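Structure file query27.tsv (TSV, C-alpha atoms) is printed below.
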```tsv
chain	number	residue	atom	x	y	z
A	115	MET	CA	-16.32	156.53	42.80
A	116	ALA	CA	-13.66	155.55	40.27
A	117	ARG	CA	-11.76	158.11	38.24
A	118	MET	CA	-12.95	157.23	34.74
A	119	PRO	CA	-11.57	158.42	31.39
A	120	PRO	CA	-13.71	160.90	29.48
A	121	ALA	CA	-15.87	159.51	26.72
A	122	SER	CA	-14.12	159.52	23.41
A	123	GLY	CA	-16.42	158.66	20.55
A	124	ASN	CA	-14.68	155.99	18.54
A	125	ALA	CA	-14.74	152.55	20.16
A	126	ILE	CA	-13.49	150.66	17.13
A	127	VAL	CA	-10.83	148.12	16.29
A	128	ARG	CA	-7.69	149.98	15.23
A	129	GLY	CA	-5.10	147.22	15.30
A	130	MET	CA	-3.53	147.92	11.93
A	131	SER	CA	-3.55	151.72	12.14
A	132	ASN	CA	0.21	152.00	12.54
A	133	GLU	CA	1.02	150.50	9.15
A	134	ARG	CA	0.80	153.97	7.62
A	135	TYR	CA	3.57	155.02	10.03
A	136	GLY	CA	5.78	152.10	9.01
A	137	LEU	CA	4.81	149.47	11.63
A	138	LYS	CA	4.41	146.37	9.47
A	139	ASP	CA	3.94	143.82	12.26
A	140	ALA	CA	1.06	145.44	14.16
A	141	VAL	CA	-1.18	142.86	15.85
A	142	PRO	CA	-4.56	142.55	14.08
A	143	LEU	CA	-6.80	143.12	17.08
A	144	GLN	CA	-9.82	141.81	15.20
A	145	ALA	CA	-8.18	138.37	15.43
A	146	VAL	CA	-7.73	138.61	19.22
A	147	LYS	CA	-10.52	137.26	21.43
A	148	ARG	CA	-8.74	137.13	24.80
A	149	ALA	CA	-5.66	138.88	26.18
A	150	LEU	CA	-3.65	138.46	29.38
A	151	VAL	CA	-1.76	141.39	30.91
A	152	ILE	CA	0.95	140.42	33.42
A	153	LYS	CA	2.20	142.90	36.03
A	154	LEU	CA	4.14	141.29	38.87
A	155	ARG	CA	5.21	144.25	40.98
A	156	HIS	CA	4.18	146.27	44.04
A	157	HIS	CA	0.82	147.98	44.61
A	158	GLY	CA	1.66	151.33	43.03
A	159	ASP	CA	3.26	149.69	39.99
A	160	VAL	CA	0.15	147.59	39.42
A	161	LEU	CA	-2.14	150.61	39.68
A	162	LEU	CA	0.00	152.46	37.15
A	163	SER	CA	-0.69	149.63	34.69
A	164	SER	CA	-4.46	150.28	34.81
A	165	PRO	CA	-4.46	152.51	31.68
A	166	VAL	CA	-3.22	149.54	29.63
A	167	PHE	CA	-6.54	147.78	30.22
A	168	THR	CA	-8.56	150.93	29.55
A	169	VAL	CA	-6.79	151.72	26.30
A	170	LEU	CA	-6.85	148.17	24.93
A	171	LYS	CA	-10.56	147.81	25.71
A	172	LYS	CA	-11.27	151.21	24.13
A	173	HIS	CA	-9.54	150.23	20.90
A	174	ALA	CA	-10.89	146.67	20.78
A	175	PRO	CA	-14.11	146.39	22.84
A	176	HIS	CA	-14.65	142.77	21.80
A	177	ILE	CA	-11.50	141.50	23.59
A	178	GLU	CA	-11.84	139.87	27.00
A	179	ILE	CA	-8.88	141.17	29.01
A	180	ASP	CA	-7.53	139.38	32.09
A	181	ALA	CA	-4.80	140.39	34.54
A	182	LEU	CA	-2.17	138.36	36.38
A	183	VAL	CA	-0.76	139.98	39.53
A	184	TYR	CA	0.47	139.09	43.00
A	185	ALA	CA	-2.47	138.38	45.30
A	186	GLU	CA	-1.78	141.26	47.67
A	187	THR	CA	-1.92	143.77	44.79
A	188	ALA	CA	-5.19	142.49	43.29
A	189	PRO	CA	-7.30	145.27	44.95
A	190	MET	CA	-5.56	147.72	42.63
A	191	LEU	CA	-7.32	146.12	39.64
A	192	ASP	CA	-10.37	144.36	41.09
A	193	LEU	CA	-13.57	145.89	39.69
A	194	HIS	CA	-11.72	147.63	36.83
A	195	PRO	CA	-14.46	147.86	34.18
A	196	ALA	CA	-12.14	146.70	31.39
A	197	ILE	CA	-10.95	143.53	33.17
A	198	ALA	CA	-12.80	140.22	32.95
A	199	THR	CA	-10.76	138.20	35.47
A	200	VAL	CA	-7.91	139.01	37.86
A	201	HIS	CA	-5.70	135.95	38.31
A	202	ARG	CA	-3.53	135.87	41.42
A	203	ILE	CA	-0.14	134.51	42.45
A	204	ASP	CA	0.12	134.15	46.22
A	205	ARG	CA	3.69	134.59	47.42
A	206	ALA	CA	2.74	132.52	50.48
A	207	TRP	CA	2.75	129.42	48.25
A	208	LYS	CA	6.54	129.25	48.63
A	209	ARG	CA	6.17	128.86	52.40
A	210	GLN	CA	3.63	126.05	52.22
A	211	GLY	CA	5.94	123.32	51.03
A	212	LEU	CA	6.89	122.08	47.58
A	213	GLY	CA	3.80	119.89	47.21
A	214	LYS	CA	1.36	122.69	48.00
A	215	GLN	CA	3.23	125.20	45.86
A	216	SER	CA	3.29	122.81	42.90
A	217	ALA	CA	-0.44	122.16	43.21
A	218	GLU	CA	-1.23	125.88	43.33
A	219	GLU	CA	1.03	126.66	40.40
A	220	TRP	CA	-0.52	123.86	38.34
A	221	ALA	CA	-4.03	125.07	39.17
A	222	LEU	CA	-3.09	128.59	38.05
A	223	LEU	CA	-1.52	127.38	34.82
A	224	SER	CA	-4.57	125.22	34.09
A	225	ALA	CA	-6.90	128.16	34.68
A	226	LEU	CA	-4.84	130.35	32.37
A	227	ARG	CA	-4.72	127.68	29.66
A	228	GLN	CA	-8.49	127.31	29.74
A	229	ARG	CA	-8.79	130.96	28.73
A	230	ASN	CA	-7.09	130.31	25.35
A	231	TYR	CA	-5.33	133.66	25.12
A	232	ASP	CA	-4.46	135.06	21.71
A	233	LEU	CA	-2.33	137.88	23.15
A	234	VAL	CA	-0.02	138.09	26.19
A	235	ILE	CA	1.20	141.51	27.32
A	236	HIS	CA	4.08	141.27	29.80
A	237	LEU	CA	4.98	144.58	31.44
A	238	THR	CA	8.15	143.68	33.38
A	239	GLU	CA	11.32	141.64	33.05
A	240	HIS	CA	9.99	138.88	35.36
A	241	PRO	CA	10.92	135.46	33.87
A	242	ARG	CA	7.46	134.07	34.59
A	243	GLY	CA	6.09	136.18	31.74
A	244	ALA	CA	8.40	134.49	29.24
A	245	TRP	CA	7.47	131.04	30.49
A	246	LEU	CA	3.78	131.84	30.25
A	247	ALA	CA	4.11	133.34	26.77
A	248	GLN	CA	5.45	129.96	25.68
A	249	LEU	CA	3.24	127.67	27.77
A	250	LEU	CA	-0.03	129.41	26.96
A	251	GLY	CA	0.55	129.23	23.23
A	252	ALA	CA	-0.65	132.75	22.48
A	253	ARG	CA	-0.12	133.73	18.86
A	254	TYR	CA	0.96	137.22	19.84
A	255	SER	CA	3.01	138.30	22.85
A	256	VAL	CA	4.84	141.49	23.77
A	257	ALA	CA	7.39	142.33	26.48
A	258	PRO	CA	10.15	144.88	27.13
A	259	LYS	CA	13.48	144.50	25.38
A	260	VAL	CA	15.66	143.94	28.46
A	261	PRO	CA	19.47	144.17	28.08
A	262	GLY	CA	21.20	140.95	29.07
A	263	LYS	CA	18.12	138.72	28.89
A	264	GLY	CA	19.51	136.77	25.99
A	265	ARG	CA	18.15	134.62	23.18
A	266	TRP	CA	15.61	132.68	25.27
A	267	TRP	CA	13.87	135.90	26.32
A	268	ARG	CA	13.79	137.25	22.77
A	269	ALA	CA	12.45	133.95	21.40
A	270	SER	CA	9.63	133.88	23.96
A	271	PHE	CA	7.76	136.85	22.49
A	272	SER	CA	6.54	137.84	19.06
A	273	HIS	CA	7.13	141.55	19.80
A	274	LEU	CA	9.61	143.41	22.03
A	275	TYR	CA	9.30	147.09	22.91
A	276	ALA	CA	12.29	149.33	23.55
A	277	LEU	CA	13.00	150.88	26.95
A	278	PRO	CA	14.35	154.46	26.97
A	279	LEU	CA	18.12	154.72	27.08
A	280	ALA	CA	18.87	158.42	27.48
A	281	THR	CA	15.52	159.90	28.44
A	282	ARG	CA	13.20	159.58	31.43
A	283	ARG	CA	9.50	158.82	30.99
A	284	HIS	CA	6.61	158.25	33.33
A	285	THR	CA	5.91	154.63	34.23
A	286	VAL	CA	2.38	154.90	32.79
A	287	GLU	CA	3.84	155.77	29.40
A	288	LEU	CA	6.37	152.93	29.63
A	289	ASN	CA	3.51	150.50	30.26
A	290	LEU	CA	1.60	151.92	27.31
A	291	ASP	CA	4.64	151.38	25.09
A	292	ALA	CA	3.69	147.70	25.08
A	293	LEU	CA	0.49	148.65	23.27
A	294	ARG	CA	2.24	151.11	20.97
A	295	ARG	CA	4.59	148.31	19.89
A	296	ILE	CA	1.70	146.14	18.69
A	297	GLY	CA	-0.03	148.98	16.84
A	298	VAL	CA	-2.31	150.60	19.41
A	299	GLN	CA	-1.83	154.35	19.81
A	300	PRO	CA	-3.35	155.58	23.12
A	301	GLY	CA	-5.49	158.68	22.83
A	302	VAL	CA	-4.82	161.63	25.09
A	303	ASP	CA	-8.18	161.05	26.80
A	304	GLU	CA	-7.61	157.34	27.47
A	305	ARG	CA	-4.66	157.30	29.88
A	306	TRP	CA	-6.32	157.95	33.25
A	307	LEU	CA	-5.63	155.69	36.20
A	308	THR	CA	-8.67	153.61	37.17
A	309	LEU	CA	-9.33	152.41	40.71
A	310	VAL	CA	-12.77	151.27	41.89
A	311	PRO	CA	-13.23	151.09	45.69
A	312	GLY	CA	-16.56	149.26	45.55
A	313	ALA	CA	-19.81	149.73	47.46
A	314	ASP	CA	-18.67	147.99	50.66
A	315	ALA	CA	-15.58	150.17	51.02
A	316	GLU	CA	-17.50	153.35	50.30
A	317	ARG	CA	-20.17	152.40	52.83
A	318	ARG	CA	-17.65	151.75	55.63
A	319	VAL	CA	-15.72	154.95	54.96
A	320	ASN	CA	-18.94	156.90	54.95
A	321	GLU	CA	-19.77	155.46	58.38
A	322	ILE	CA	-16.31	156.39	59.69
A	323	LEU	CA	-16.57	159.95	58.41
A	324	ILE	CA	-20.01	160.38	59.95
A	325	ALA	CA	-18.70	159.09	63.31
A	326	ASP	CA	-15.80	161.57	63.20
A	327	GLY	CA	-17.94	164.51	62.10
A	328	LEU	CA	-16.40	164.66	58.64
A	329	HIS	CA	-19.29	163.47	56.50
A	330	ASP	CA	-19.93	166.89	54.99
A	331	ALA	CA	-16.56	168.45	55.85
A	332	LYS	CA	-13.52	169.14	53.72
A	333	PHE	CA	-10.45	167.45	55.12
A	334	VAL	CA	-6.80	166.88	54.25
A	335	HIS	CA	-5.65	163.29	53.92
A	336	LEU	CA	-2.06	162.86	55.16
A	337	HIS	CA	-0.34	159.53	54.49
A	338	PRO	CA	3.27	160.15	55.56
A	339	THR	CA	4.55	156.55	55.57
A	340	SER	CA	5.91	154.02	53.14
A	341	ARG	CA	7.06	150.45	53.58
A	342	TRP	CA	10.49	151.96	52.83
A	343	GLN	CA	11.12	154.63	55.45
A	344	PHE	CA	14.04	156.12	53.53
A	345	LYS	CA	11.26	157.64	51.37
A	346	CYS	CA	9.65	159.34	54.37
A	347	TRP	CA	9.81	162.89	55.75
A	348	GLU	CA	10.68	163.21	59.44
A	349	PRO	CA	7.89	162.69	62.02
A	350	GLU	CA	8.54	166.08	63.64
A	351	LYS	CA	8.08	167.91	60.34
A	352	ASN	CA	4.89	166.00	59.63
A	353	ALA	CA	3.69	167.08	63.07
A	354	ALA	CA	4.52	170.71	62.29
A	355	LEU	CA	2.60	170.39	59.03
A	356	ILE	CA	-0.46	169.08	60.90
A	357	ASP	CA	-0.31	172.02	63.31
A	358	ALA	CA	0.03	174.52	60.46
A	359	LEU	CA	-2.93	173.03	58.59
A	360	ALA	CA	-5.00	173.01	61.79
A	361	SER	CA	-4.19	176.67	62.36
A	362	ARG	CA	-5.73	177.37	58.95
A	363	GLY	CA	-8.90	175.55	59.95
A	364	HIS	CA	-8.26	172.30	58.10
A	365	ARG	CA	-8.99	168.94	59.71
A	366	VAL	CA	-6.44	166.22	59.02
A	367	VAL	CA	-7.08	162.50	58.57
A	368	LEU	CA	-3.94	160.45	59.18
A	369	THR	CA	-3.44	157.02	57.58
A	370	ALA	CA	-0.69	154.41	57.31
A	371	GLY	CA	-0.25	150.73	56.60
A	372	PRO	CA	-0.70	148.13	59.37
A	373	ASP	CA	3.01	147.32	59.61
A	374	ALA	CA	4.47	147.92	63.08
A	375	SER	CA	7.16	150.27	61.77
A	376	GLU	CA	4.55	152.46	60.06
A	377	LEU	CA	2.34	152.55	63.14
A	378	ASP	CA	5.35	153.54	65.25
A	379	PHE	CA	6.07	156.35	62.75
A	380	ILE	CA	2.49	157.59	63.18
A	381	ALA	CA	2.78	157.43	66.98
A	382	ARG	CA	5.87	159.65	66.81
A	383	ILE	CA	4.00	162.18	64.65
A	384	LYS	CA	1.06	162.32	67.03
A	385	ALA	CA	3.35	162.70	70.03
A	386	ALA	CA	5.02	165.72	68.44
A	387	ALA	CA	1.83	167.38	67.17
A	388	ASN	CA	-0.19	169.85	69.22
A	389	SER	CA	-3.35	169.45	67.15
A	390	GLU	CA	-5.90	166.66	67.01
A	391	VAL	CA	-6.12	164.39	64.00
A	392	VAL	CA	-8.48	161.61	62.94
A	393	ASP	CA	-6.17	158.60	63.20
A	394	LEU	CA	-7.10	155.76	60.82
A	395	ALA	CA	-3.58	154.32	60.60
A	396	GLY	CA	-3.68	150.57	60.06
A	397	LYS	CA	-7.49	150.51	60.17
A	398	LEU	CA	-8.39	150.59	56.48
A	399	SER	CA	-8.21	148.08	53.67
A	400	LEU	CA	-6.77	149.23	50.35
A	401	LYS	CA	-10.24	149.65	48.89
A	402	GLU	CA	-11.30	151.67	51.95
A	403	LEU	CA	-8.18	153.82	51.66
A	404	ALA	CA	-9.19	154.61	48.08
A	405	ALA	CA	-12.72	155.48	49.17
A	406	LEU	CA	-11.35	157.75	51.89
A	407	THR	CA	-8.91	159.63	49.68
A	408	ALA	CA	-11.66	160.17	47.10
A	409	ARG	CA	-13.52	162.21	49.73
A	410	ALA	CA	-10.49	164.32	50.69
A	411	TRP	CA	-9.96	167.93	49.63
A	412	LEU	CA	-6.22	167.28	49.33
A	413	PHE	CA	-3.79	164.36	49.69
A	414	ILE	CA	-0.29	164.89	51.10
A	415	GLY	CA	2.25	162.09	51.13
A	416	VAL	CA	5.46	160.62	49.82
A	417	ASP	CA	6.21	158.48	46.78
A	418	SER	CA	4.02	155.49	47.67
A	419	ALA	CA	1.00	153.51	46.50
A	420	PRO	CA	-1.47	155.75	48.41
A	421	MET	CA	-0.16	158.76	46.48
A	422	HIS	CA	-0.98	156.99	43.20
A	423	MET	CA	-4.34	155.93	44.63
A	424	ALA	CA	-5.18	159.57	45.36
A	425	ALA	CA	-4.31	160.49	41.78
A	426	ALA	CA	-6.50	157.66	40.51
A	427	MET	CA	-9.42	159.01	42.54
A	428	GLY	CA	-8.92	162.53	41.16
A	429	THR	CA	-7.80	164.07	44.46
A	430	PRO	CA	-5.20	166.89	44.23
A	431	VAL	CA	-1.81	165.72	45.50
A	432	VAL	CA	1.19	167.22	47.27
A	433	ALA	CA	3.97	164.65	46.85
A	434	LEU	CA	7.35	164.74	48.60
A	435	PHE	CA	10.11	163.12	46.56
A	436	GLY	CA	13.60	162.15	47.65
A	437	PRO	CA	15.70	159.32	46.18
A	438	SER	CA	13.01	158.31	43.67
A	439	GLY	CA	12.23	160.33	40.55
A	440	GLU	CA	9.07	162.35	40.03
A	441	ILE	CA	9.40	162.14	36.25
A	442	GLU	CA	8.93	158.37	36.42
A	443	TRP	CA	6.69	158.15	39.49
A	444	GLY	CA	4.97	161.51	39.98
A	445	PRO	CA	1.20	161.99	40.44
A	446	TRP	CA	-0.45	161.14	37.14
A	447	LEU	CA	-2.95	163.44	35.40
A	448	VAL	CA	-4.22	165.17	38.53
A	449	PRO	CA	-3.61	168.69	39.94
A	450	HIS	CA	-0.45	168.32	42.00
A	451	ARG	CA	2.71	169.86	43.38
A	452	VAL	CA	5.96	167.94	43.78
A	453	VAL	CA	8.21	169.11	46.61
A	454	SER	CA	11.83	168.02	46.37
A	455	SER	CA	15.30	169.25	47.26
A	456	SER	CA	17.93	170.63	44.92
A	457	HIS	CA	20.46	167.91	45.76
A	458	PRO	CA	22.32	167.23	42.49
A	459	CYS	CA	22.54	163.53	43.32
A	460	ARG	CA	18.79	162.92	43.22
A	461	PRO	CA	17.10	160.84	42.09
A	462	CYS	CA	19.66	158.22	43.04
A	463	GLY	CA	17.33	155.28	43.69
A	464	ASN	CA	19.29	154.28	46.78
A	465	ASP	CA	17.81	153.17	50.09
A	466	GLY	CA	19.09	156.24	51.86
A	467	CYS	CA	22.40	158.05	51.41
A	468	GLY	CA	25.08	155.42	51.03
A	469	GLY	CA	22.46	152.78	51.73
A	470	GLY	CA	22.11	154.10	55.28
A	471	LYS	CA	18.25	154.17	55.26
A	472	VAL	CA	18.16	157.97	55.74
A	473	SER	CA	17.77	160.24	52.70
A	474	GLU	CA	19.23	163.73	53.21
A	475	CYS	CA	17.29	164.99	50.19
A	476	LEU	CA	14.15	164.38	52.29
A	477	THR	CA	15.39	165.22	55.78
A	478	SER	CA	16.61	168.59	54.45
A	479	LEU	CA	13.15	169.58	53.21
A	480	ALA	CA	11.72	172.44	55.25
A	481	LEU	CA	8.10	172.84	56.27
A	482	GLN	CA	7.47	176.03	54.30
A	483	PRO	CA	7.60	174.68	50.71
A	484	VAL	CA	5.35	171.76	51.67
A	485	LEU	CA	2.86	174.09	53.34
A	486	ALA	CA	3.02	176.51	50.40
A	487	ALA	CA	2.24	173.67	47.97
A	488	ALA	CA	-0.71	172.62	50.11
A	489	ASP	CA	-2.00	176.20	50.30
A	490	GLU	CA	-1.87	176.53	46.52
A	491	LEU	CA	-3.94	173.42	45.92
A	492	LEU	CA	-6.35	174.08	48.77
A	493	ALA	CA	-7.05	177.50	47.26
A	494	ARG	CA	-8.11	176.04	43.92
```

Starting from the file, give its structure as structure tokens.
Amino acid sequence: MARMPPASGNAIVRGMSNERYGLKDAVPLQAVKRALVIKLRHHGDVLLSSPVFTVLKKHAPHIEIDALVYAETAPMLDLHPAIATVHRIDRAWKRQGLGKQSAEEWALLSALRQRNYDLVIHLTEHPRGAWLAQLLGARYSVAPKVPGKGRWWRASFSHLYALPLATRRHTVELNLDALRRIGVQPGVDERWLTLVPGADAERRVNEILIADGLHDAKFVHLHPTSRWQFKCWEPEKNAALIDALASRGHRVVLTAGPDASELDFIARIKAAANSEVVDLAGKLSLKELAALTARAWLFIGVDSAPMHMAAAMGTPVVALFGPSGEIEWGPWLVPHRVVSSSHPCRPCGNDGCGGGKVSECLTSLALQPVLAAADELLAR
């Protein structure tokens, strides 16, 4: 079941509320019938945009809100109760020839134009958002103020919101800054991540858990991989973690993406472990992964989309962080522990030390602090 925000009593239009704080150009939400939110990024980034839809719908229930994302990330927003339509851009269009790509792009633009948007909310610096803000003719449009974008970018939007210069903020809050800029102040009880697995995914996961004897059991969900392996903890240490959890009586369900490199990583973990695991690596869709992690007692993983999915489902999280920053990307509004090293150079954002695909801030992490973090959350 989806992690839903608590009920908050006032579902009213509040578009002009910021004028008393000095915001003279707040968007009058009562004049907005349809809005398009654009988030062209990876899976985790798209999921972290889900509060934008929740908050906007809460403050203006009459608005029909659509999303535009890459096709592979659509499961992050499909079935979101605040979204009317999820429009998709398939990156495979580029490989199908110019004629096919042009036809698909025209069909998408036509579909978007038919929606007659009054408001476009663009959450990245992708140039497509600027083109669409102009081509769709929305009266109001908002995007980040990106250094170096120039006059064309600034002229494409009616509102620009500032990005932090000297401070670090969570990505959820940065996304919500787009709403703050147009006069919508998110309530403290409106910022939850929302991810809906759906009945089919929940049914299949339930069947899997019954088959593995976990239907009524508490288990730990371990997702140790990422598409970027410089974010991953070593296979041998993951194996030691599995053995330690098993010695405490916890069953472990192991998952990973279907990519060959991730499956090889899982094979190395299993070869080094002395304890049995339920191996579902490469066997679950994204919706099924969400349904699985919702049933877990605890999620353990690295900075990756599945970690954010666990947070969205309300599952406590142990997250291992290396070159990426937990302030910007940590588990959002869920009981959690972040395990990281004291390297003064982190977070560096590099693909391994010196670009060498191996991050010493992760490889130096010992088993004990990870196990201690897991013990704390499992004891809750």

**Complete:** re atom CA of Lys401 of chain A and atom CA of Asp373 of chain A: distance 17.2 Å

**Which residue of A:Val256, A:Ala381, A:Leu412, A:Ala358 approaches Ala276 of chain A most closely, using all atoms listed in the file** = A:Val256

**Asked** Any idea what's packed within 9 Å of segment 331-347 of chain A, counting only C-alpha atoms, ignoring anything in its chain fewer than 4 positions away? Could you give it as a PyMOL selection string?
**Response** chain A and resi 323+327+351-352+356+359+364-371+373+375-377+379-380+395+406-407+409-421+434-438+464-467+470-473+476-479

**Point (-17.8, 148.2, 28.9), cut-off 9 Å, counting only C-alpha atoms, residues as number ranges by chain** = A: 171-172, 175, 195-196

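Minimum distance to His173 of chain A across A:Gly297, A:Gly213, A:Gly251, A:Pro372 (counting all atoms listed in the file) occurs at A:Gly297.
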
**Request:** Using all atoms listed in the file, determine which residues lie at most 10 Å from His236 of chain A, disregarding the query and same-chain residues fewer than 4 positions distant; provide the list as a PyMOL selection string.
**Result:** chain A and resi 150-154+182+240-244+246-247+255-258+271+274+289+292

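Comparing the minimum interatomic distances between Ser164 of chain A and each of A:Ala280, A:Ala221, A:Ala426, A:Ala486, counting all atoms listed in the file, we find that A:Ala426 sits nearest.
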
**Prompt:** Which neighbours of Asp159 of chain A fall inside 12 Å, counting only C-alpha atoms, when residues of the same chain fewer than 6 positions from it are skipped, and could you give them as a VMD selection string?
**Reply:** chain A and resid 152 to 153 165 183 to 184 187 to 188 190 to 191 237 to 238 284 to 286 288 to 289 307 417 to 423 442 to 444

Can you give me N, CA and C atoms for segment 305-318 of chain A, written as a PDB file, in the coordinates of the input?
```pdb
ATOM      1  N   ARG A 305      -5.810 157.742  29.082  1.00  0.00           N
ATOM      2  CA  ARG A 305      -4.660 157.300  29.880  1.00  0.00           C
ATOM      3  C   ARG A 305      -4.853 157.482  31.380  1.00  0.00           C
ATOM      4  N   TRP A 306      -6.078 157.745  31.828  1.00  0.00           N
ATOM      5  CA  TRP A 306      -6.320 157.950  33.250  1.00  0.00           C
ATOM      6  C   TRP A 306      -6.066 156.665  34.034  1.00  0.00           C
ATOM      7  N   LEU A 307      -5.657 156.821  35.278  1.00  0.00           N
ATOM      8  CA  LEU A 307      -5.630 155.690  36.200  1.00  0.00           C
ATOM      9  C   LEU A 307      -7.076 155.341  36.580  1.00  0.00           C
ATOM     10  N   THR A 308      -7.335 154.069  36.765  1.00  0.00           N
ATOM     11  CA  THR A 308      -8.670 153.610  37.170  1.00  0.00           C
ATOM     12  C   THR A 308      -8.548 152.767  38.425  1.00  0.00           C
ATOM     13  N   LEU A 309      -9.281 153.150  39.452  1.00  0.00           N
ATOM     14  CA  LEU A 309      -9.330 152.410  40.710  1.00  0.00           C
ATOM     15  C   LEU A 309     -10.753 152.484  41.232  1.00  0.00           C
ATOM     16  N   VAL A 310     -11.370 151.328  41.453  1.00  0.00           N
ATOM     17  CA  VAL A 310     -12.770 151.270  41.890  1.00  0.00           C
ATOM     18  C   VAL A 310     -12.820 150.739  43.322  1.00  0.00           C
ATOM     19  N   PRO A 311     -13.179 151.566  44.301  1.00  0.00           N
ATOM     20  CA  PRO A 311     -13.230 151.090  45.690  1.00  0.00           C
ATOM     21  C   PRO A 311     -14.302 150.039  45.923  1.00  0.00           C
ATOM     22  N   GLY A 312     -15.465 150.194  45.327  1.00  0.00           N
ATOM     23  CA  GLY A 312     -16.560 149.260  45.550  1.00  0.00           C
ATOM     24  C   GLY A 312     -17.521 149.756  46.621  1.00  0.00           C
ATOM     25  N   ALA A 313     -18.747 149.247  46.571  1.00  0.00           N
ATOM     26  CA  ALA A 313     -19.810 149.730  47.460  1.00  0.00           C
ATOM     27  C   ALA A 313     -19.508 149.474  48.927  1.00  0.00           C
ATOM     28  N   ASP A 314     -18.947 148.315  49.248  1.00  0.00           N
ATOM     29  CA  ASP A 314     -18.670 147.990  50.660  1.00  0.00           C
ATOM     30  C   ASP A 314     -17.668 148.963  51.258  1.00  0.00           C
ATOM     31  N   ALA A 315     -16.602 149.251  50.526  1.00  0.00           N
ATOM     32  CA  ALA A 315     -15.580 150.170  51.020  1.00  0.00           C
ATOM     33  C   ALA A 315     -16.151 151.573  51.182  1.00  0.00           C
ATOM     34  N   GLU A 316     -16.929 152.014  50.221  1.00  0.00           N
ATOM     35  CA  GLU A 316     -17.500 153.350  50.300  1.00  0.00           C
ATOM     36  C   GLU A 316     -18.480 153.463  51.469  1.00  0.00           C
ATOM     37  N   ARG A 317     -19.225 152.385  51.724  1.00  0.00           N
ATOM     38  CA  ARG A 317     -20.170 152.400  52.830  1.00  0.00           C
ATOM     39  C   ARG A 317     -19.442 152.508  54.171  1.00  0.00           C
ATOM     40  N   ARG A 318     -18.375 151.716  54.347  1.00  0.00           N
ATOM     41  CA  ARG A 318     -17.650 151.750  55.630  1.00  0.00           C
ATOM     42  C   ARG A 318     -16.983 153.099  55.841  1.00  0.00           C
TER      43      ARG A 318
END
```
